[in-house]
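Comments concern the structure below.
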Amino acid sequence: EPENTVAFSDDVLKAKGNSSAIEYGFTNKILALTGYDGHPTTIDVEDSGSIMGESLTIGLASGVGQAMGAGVLTEADTGRSLTWTEQADVVFRTENGWITGSLEQAIASGSIELKDSDATIKADSINTRFAQGDDTLLERAVLTGAVDARTADGTLSADRLDVRFDVSTGESVPQTVTATGSVRGEQDDAIITADLLEADLENDEDGKPKVTIARASDNVRFDREDGAFAMGDRLRADLDRERVEVQGAPAVVGANSAQIAARSITLDGSSRSIDVPGAGEFTLMSEDGNTQIARATWTDSMAYTDASGELEAVGQVVAVSTPDELSQDTLTGDRLFALVMPADGSAALDDRSDRQLISATITAEDENGASVEVLRLLAADDTTPARITRLDSTRIDIDNIGGILTVPAAGRLLVSDQRLEADSSDPSTLRGSALFNWEGDLLLDRPSGVMNMSSRVRMIHRPTGDGADVELECESLMAEFSEENAGSELTSAGDSSQLEDVEASGAVWARTGQQQILADKLVYVAETQAATATAAGGGWVTLFDPAQPAPVTAAELLWSLKSGRIEVIRPNPVSIPR
C-alpha cells in the first residue's frame with residue numbers, strides 16, 4: 001500500500017488490519033506485525049474489538065499475542081477502551097489448533113487507562129479476563145499501582161482494584177469491586193478511607209451501576225460535608241436499606257461536636273436511628289471543640305430514634321452535663337428512657353434548639369440506685385461545690401416541659417447550700433444542709449414551687465453558721481419555695497432557692513437542741529422564722545424541754561427557730577398532786 005503500509009484481512013475470522021511489515025513463520029505459526037515511522041499496527045475483529053500498537057506478535061496456534069510499546073485495545077459496540085504506554089499481552093482462545101476471535105485475557109502495563117461511556121480508570125498495570133463465547137464480554141479486571149477511578153458520581157483511588165463483571169445477560173455489568181491499600185472514595189460530598197473496601201453493584205433504572213452494599217475494614221474513616229462522620233475497624237453499609245454498621249475498638253460515629261463510641265454501632269437512615277448493642281459512650285463538645293458539655297456511658301445497650309425522639313440506655317447508666325464551668329448535673333441508674341423533641345428536619349445539624357428534652361425516666365434495681373445530682377460552684381477554680389442537690393430512689397420521672405419531677409417510690413433528697421459565711425445563718429432560706437427520707441413518694445412541681453413527700457418522712461437540717469440542727473419526722477411533708485430567674489423547665493438554671501413555708505402533718509415529731517415537740521401538724525413560715533405546732537381533734541401538742549420541770553402540753557405552740565424560744569398558746573391545765 002502507499003506510505004509503506006501492508007493491509008491484510010481474514011474473512012473466516014472477520015478480521016482485518018494493517019502494518020508496516022508482516023513476518024510469518026509457517027512452522028511455528030507466529031505472526032509478527034511491525035510498525036515503522038509512526039505507522040502503528042492495527043487489527044480489527046468484527047463484533048469483538050480492535051487492538052493498535054507499535055509492534056504485535058501473535059501466535060496463530062497458541063492465541064498468545066504481545067504488543068511492545070504503547071497501544072490501545074477497544075471493545076466493539078460499547079467503545080470501552082484500554083490504553084497503555086509500555087507493553088500489552090493478549091490471549092485469544094483457540095479452536096482446532098488455530099486462534100479464534102474470542103478474547104480470553106489482556107494484560108497491559110505502563111500508565112494504563114481504561115475508559116467506558118461514564119468511567120475512567122488509571123493505573124500502572126491491568127490484567128483483564130473475558131468470558132468464553134463469541135461476544136467479547138469483560139469478566140474481570142485487576143488494576144495495580146496508583147489506581148484512580150472516576151465517574152460522574154464520584155472517585156475511587158487505591159493501590160489495587162479488582163472489578164468483577166456479570167455476563168449472564170449478554171453484557172458486561174460490574175458486579176463487585178474490591179479496593180485494597182490506601183483506599184479513598186468520594187461520592188455525594190462524602191469521603192471514605194480504608195485499607196480494604198468491597199462493594200456490591202447493580203444497575204439502576206438508567207442502566208448505570210450503583211453500589212448496593214459496601215464493606216470496609218482496617219483504618220476505616222467516613223466523613224460527610226454536613227459534619228457527620230464514622231470511623232472504626234470495620235464498616236458495612238446497605239445503601240438500599242440506608243443501614244450502616246460500624247465496628248471497632250472502639251468504633252466512633254458522630255456529627256459536628258457530638259459523637260458515640262462503642263464496639264458496634266448501627267445507623268438506620270430510613271428511621272434516623274442509632275443502635276448500640278453493648279457498652280458505649282456519648283460525648284458532646286462545645287462548638288470550638290475545647291470544652292465537654294455532656295458525657296454519658298452505659299454498659300449494656302443504647303438505642304435512639306431521631307424521628308420519634310426516643311432514647312433508651314441500659315446498664316449502669318451515667319450521664320454528666322456540664323453546660324458551663326460552674327455547673328455539673330449527673331444522672332445515674334440501671335436504665336434511662338428519655339424523650340427529646342423529634343427532629344423535623346428544618347434545623348441545621350449544629351442547631352440544637354429543636355432537641356429540647358421533653359421527659360426522662362431513670363430506674364434501678366437496687367435501693368437508691370437511681371440518682372440525680374446537681375452541683376454548682378461559685379468560681380471555676382473551686383474544689384468544693386457551693387450548692388449540692390442529690391435525689392436517690394429506684395425510679396425518678398422527669399417532666400421537663402411541665403417542670404415536674406416525680407419519685408413514685410421510697411427515696412432520699414439532699415439539699416446543701418453553703419454560700420453564707422461560717423459565722424452567719426439565715427433559716428429563711430435552704431442554706432445549710434437538709435436530708436430528706438420518705439417511704440411513699442415525692443412530687444416536685446417547679447412552676448408552682450411546691451414539693452410533697454409522703455409516708456414516714458424524715459428530715460435533718462443543719463444550717464450554715466451557728467444555728468441548731470433540726471430533726472423532723474411525719475407522715476407527709478409539703479414545702480413551698482421560690483427561685484430567682486428560673487424557667488419552668490427542670491433543666492433551666494435558676495439562682496438560689498428560697499424556702500417560704502413547710503407543712504408537716506401526721507404524727508409529727510420535731511427536735512432542735514434539747515427541745516422536742518409531738519404534734520399532729522407543724523407549719524413553718526420562713527418570713528417569721530417560726531413554726532406553729534397544733535393538735536387535731538381536741539388533742540394536745542406536747543413539748544419536752546429539759547429546762548422545764550415537766551412536759552408542757554397545749555392546743556398550740558409557737559416555736560421560734562431563730563431564738564429557740566417557745567410560746568405556749570392555749571395551754572392545757574395541769575393539776576399537780578399535793
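Identifiers in this document derive from the order of the C-alpha cells: chains are assigned A, B, ..., residues are numbered from 1 separately in each chain, and ligands are numbered from 1 in order of occurrence.
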* To do: Can you check which residues of stretch 309-473 of chain A DSSP gives as strand (DSSP E or B) on the backbone and send them as a ChimeraX atom specification?
  => /A:310-321,327-340,357-363,370-376,387-393,395-399,404-407,411-417,432-438,442-445,450-462,470-473
List as a tab-separated table every residue of stretch 161-185 of chain A that is in contact with stretch 219-227 of chain A, defined as an atom at most 10 Å from one of its atoms (using only C-alpha atoms), together with the nearest atom pair and the distance in Å rounded to one decimal, sorted by chain and then rising number.
residue	atom	partner	partner_atom	distance
A:Ser182	CA	A:Asn219	CA	9.5
A:Val183	CA	A:Val220	CA	9.3
A:Arg184	CA	A:Arg221	CA	9.4
A:Gly185	CA	A:Phe222	CA	9.4
Write the selection just made, keeping C-alpha atoms, as a PDB file, in the first residue's frame?
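Listing of out-v3.pdb after writing:
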ATOM      1  CA  SER A 182      -4.680   3.391  50.836  1.00  0.00           C
ATOM      2  CA  VAL A 183      -8.288   3.322  49.639  1.00  0.00           C
ATOM      3  CA  ARG A 184     -10.089   6.642  49.234  1.00  0.00           C
ATOM      4  CA  GLY A 185     -13.582   7.039  47.809  1.00  0.00           C
TER       5      GLY A 185
END
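The protein and nucleic acid residues lying at most 7 Å from A:Thr361 are A:Leu336, A:Phe337, A:Ala338, A:Thr363, A:Ile396, A:Asp397, A:Ile398, with only C-alpha atoms considered and sequence neighbours fewer than 2 positions away removed.
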Selected residues written out with C-alpha atoms, as a PDB file, in the first residue's frame:
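again.pdb was written with the following content:
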ATOM      1  CA  LEU A 336     -32.601   5.608  81.235  1.00  0.00           C
ATOM      2  CA  PHE A 337     -35.518   6.351  78.941  1.00  0.00           C
ATOM      3  CA  ALA A 338     -35.626   9.899  77.574  1.00  0.00           C
ATOM      4  CA  THR A 363     -34.696   3.412  87.144  1.00  0.00           C
ATOM      5  CA  ILE A 396     -37.202   9.065  89.047  1.00  0.00           C
ATOM      6  CA  ASP A 397     -39.610  10.551  86.465  1.00  0.00           C
ATOM      7  CA  ILE A 398     -38.822  13.939  84.940  1.00  0.00           C
TER       8      ILE A 398
END
Closest atom pairs, residues of stretch 258-330 of chain A within 10 Å of stretch 229-243 of chain A, only C-alpha atoms, as CSV:
residue,atom,partner,partner_atom,distance
A:Gln259,CA,A:Phe229,CA,8.7
A:Ile260,CA,A:Ala230,CA,9.4
A:Ala261,CA,A:Gly232,CA,9.5
A:Ala262,CA,A:Gly232,CA,9.5
A:Arg263,CA,A:Gly232,CA,8.6
A:Ser264,CA,A:Gly232,CA,9.1
A:Ile265,CA,A:Ala230,CA,9.5
A:Thr266,CA,A:Arg243,CA,7.1
A:Leu267,CA,A:Arg243,CA,5.6
A:Asp268,CA,A:Arg243,CA,4.5
A:Gly269,CA,A:Glu242,CA,4.8
A:Ser270,CA,A:Glu242,CA,5.9
A:Ser271,CA,A:Glu242,CA,9.0
A:Arg272,CA,A:Glu242,CA,9.3
A:Ser273,CA,A:Arg243,CA,9.5
A:Ile274,CA,A:Arg243,CA,9.9
* Using only C-alpha atoms, determine which residues lie at most 8 Å from stretch 330-333 of chain A, disregarding the query and same-chain residues fewer than 5 positions distant; provide the list as a ChimeraX atom specification. => /A:315-321,362-364,369-374
* To do: Can you pull out every residue within 9 Å of stretch 510-518 of chain A, counting only C-alpha atoms, but drop anything in the same chain fewer than 6 positions away, and send it as a ChimeraX atom specification?
  => /A:468-474,533,535,540-547,561,564
* To do: Might you pull out every residue within 7 Å of A:Gly59, with only C-alpha atoms counted and same-chain residues fewer than 3 positions away left off, and present them as a PyMOL selection string?
  => chain A and resi 29-31+62-65
Contacts between stretch 104-119 of chain A and stretch 9-76 of chain A, please, where a residue of stretch 9-76 of chain A counts if it comes within 9 Å (with only C-alpha atoms); show its shortest atom pair and distance in Å to one decimal, rows by chain and ascending number, as a Markdown table.
| residue | atom | partner | partner_atom | distance |
| --- | --- | --- | --- | --- |
| A:Ala67 | CA | A:Ala108 | CA | 8.9 |
| A:Ala70 | CA | A:Gly110 | CA | 8.4 |
| A:Leu73 | CA | A:Ala106 | CA | 8.9 |
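Proximity of A:Ala251, A:Val340, A:Val45, A:Met478 to A:Ser308, computed with only C-alpha atoms, is greatest for A:Val340.
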* Asked: Within 12 Å of A:Ala536, counting only C-alpha atoms, which residues qualify if same-chain residues fewer than 3 places away don't, as a PyMOL selection string?
  -> chain A and resi 505-508+518-522+533+539-541+554-556
Selection export as a compact mmCIF listing (two decimals), in the first residue's frame, atoms kept: N, CA and C atoms:
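out-v9.txt written:
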# COMPACT_ATOMS: atom_id res chain seq x y z
N SER A 505 -47.41 17.00 108.57
CA SER A 505 -48.65 16.55 109.20
C SER A 505 -48.59 15.05 109.42
N GLY A 506 -49.38 14.61 110.42
CA GLY A 506 -49.47 13.18 110.73
C GLY A 506 -48.35 12.70 111.61
N ALA A 507 -48.61 12.53 112.91
CA ALA A 507 -47.62 12.01 113.86
C ALA A 507 -46.31 12.77 113.76
N VAL A 508 -46.39 14.08 113.91
CA VAL A 508 -45.21 14.93 113.76
C VAL A 508 -44.35 14.86 115.02
N LEU A 518 -44.15 16.96 119.99
CA LEU A 518 -45.06 16.00 119.38
C LEU A 518 -46.33 16.74 119.02
N ALA A 519 -46.77 16.58 117.73
CA ALA A 519 -47.96 17.30 117.30
C ALA A 519 -48.59 16.55 116.13
N ASP A 520 -49.79 17.00 115.75
CA ASP A 520 -50.43 16.45 114.56
C ASP A 520 -50.06 17.24 113.30
N LYS A 521 -49.71 18.51 113.50
CA LYS A 521 -49.31 19.34 112.36
C LYS A 521 -48.32 20.38 112.83
N LEU A 522 -47.34 20.65 111.94
CA LEU A 522 -46.36 21.70 112.23
C LEU A 522 -46.18 22.51 110.96
N ALA A 533 -47.10 24.60 115.95
CA ALA A 533 -47.46 23.20 116.13
C ALA A 533 -48.88 23.13 116.69
N GLY A 539 -56.95 17.18 120.61
CA GLY A 539 -55.75 16.65 121.23
C GLY A 539 -54.83 17.76 121.69
N TRP A 540 -53.62 17.35 122.09
CA TRP A 540 -52.68 18.31 122.66
C TRP A 540 -51.30 18.14 122.01
N VAL A 541 -50.65 19.28 121.90
CA VAL A 541 -49.25 19.31 121.48
C VAL A 541 -48.41 19.15 122.73
N ALA A 554 -50.26 21.64 125.16
CA ALA A 554 -51.09 22.78 124.80
C ALA A 554 -51.80 22.45 123.50
N ALA A 555 -52.83 23.21 123.21
CA ALA A 555 -53.54 23.02 121.94
C ALA A 555 -52.71 23.55 120.79
N GLU A 556 -51.79 24.52 121.10
CA GLU A 556 -50.98 25.12 120.05
C GLU A 556 -49.71 25.68 120.66
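When only C-alpha atoms are used to compute distances to A:Glu95, the closest of the residues A:Leu13, A:Gly538, A:Ala479, A:Ile404 turns out to be A:Leu13.
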Mind running stretch 308-415 of chain A against stretch 430-444 of chain A at 9 Å and telling me each contacting residue's nearest atom pair with the distance in Å (one decimal), counting only C-alpha atoms, chain and number ascending, as a Markdown table?
| residue | atom | partner | partner_atom | distance |
| --- | --- | --- | --- | --- |
| A:Arg387 | CA | A:Arg431 | CA | 8.6 |
| A:Ile388 | CA | A:Ser433 | CA | 8.8 |
| A:Gly403 | CA | A:Leu444 | CA | 8.2 |
| A:Ile404 | CA | A:Leu444 | CA | 5.6 |
| A:Leu405 | CA | A:Leu444 | CA | 4.9 |
| A:Thr406 | CA | A:Leu443 | CA | 4.6 |
| A:Val407 | CA | A:Leu442 | CA | 4.9 |
| A:Pro408 | CA | A:Asp441 | CA | 4.6 |
| A:Ala409 | CA | A:Asp441 | CA | 5.0 |
| A:Ala410 | CA | A:Glu439 | CA | 4.0 |
| A:Gly411 | CA | A:Trp438 | CA | 5.7 |
| A:Arg412 | CA | A:Asn437 | CA | 4.3 |
| A:Leu413 | CA | A:Phe436 | CA | 4.9 |
| A:Leu414 | CA | A:Leu435 | CA | 4.5 |
| A:Val415 | CA | A:Ala434 | CA | 5.2 |
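Checking A:Ser9, A:Asn127, A:Thr283, A:Thr169 one by one against A:Ala296, counting only C-alpha atoms, you find the shortest gap at A:Thr283.
Using only C-alpha atoms, the shortest contact distance between A:Gly17 and any of A:Thr41, A:Tyr36, A:Asn256, A:Gly170 is found at A:Thr41.
For the residues A:Gly49, A:Gly207, A:Gly145, A:Pro385, ranking by smallest atom-to-atom distance to A:Gly181 using only C-alpha atoms places A:Gly145 first.
In this comparison, which uses only C-alpha atoms, the residue of A:Ala228, A:Ala141, A:Val525, A:Val244 approaching A:Thr212 most closely is A:Val244.
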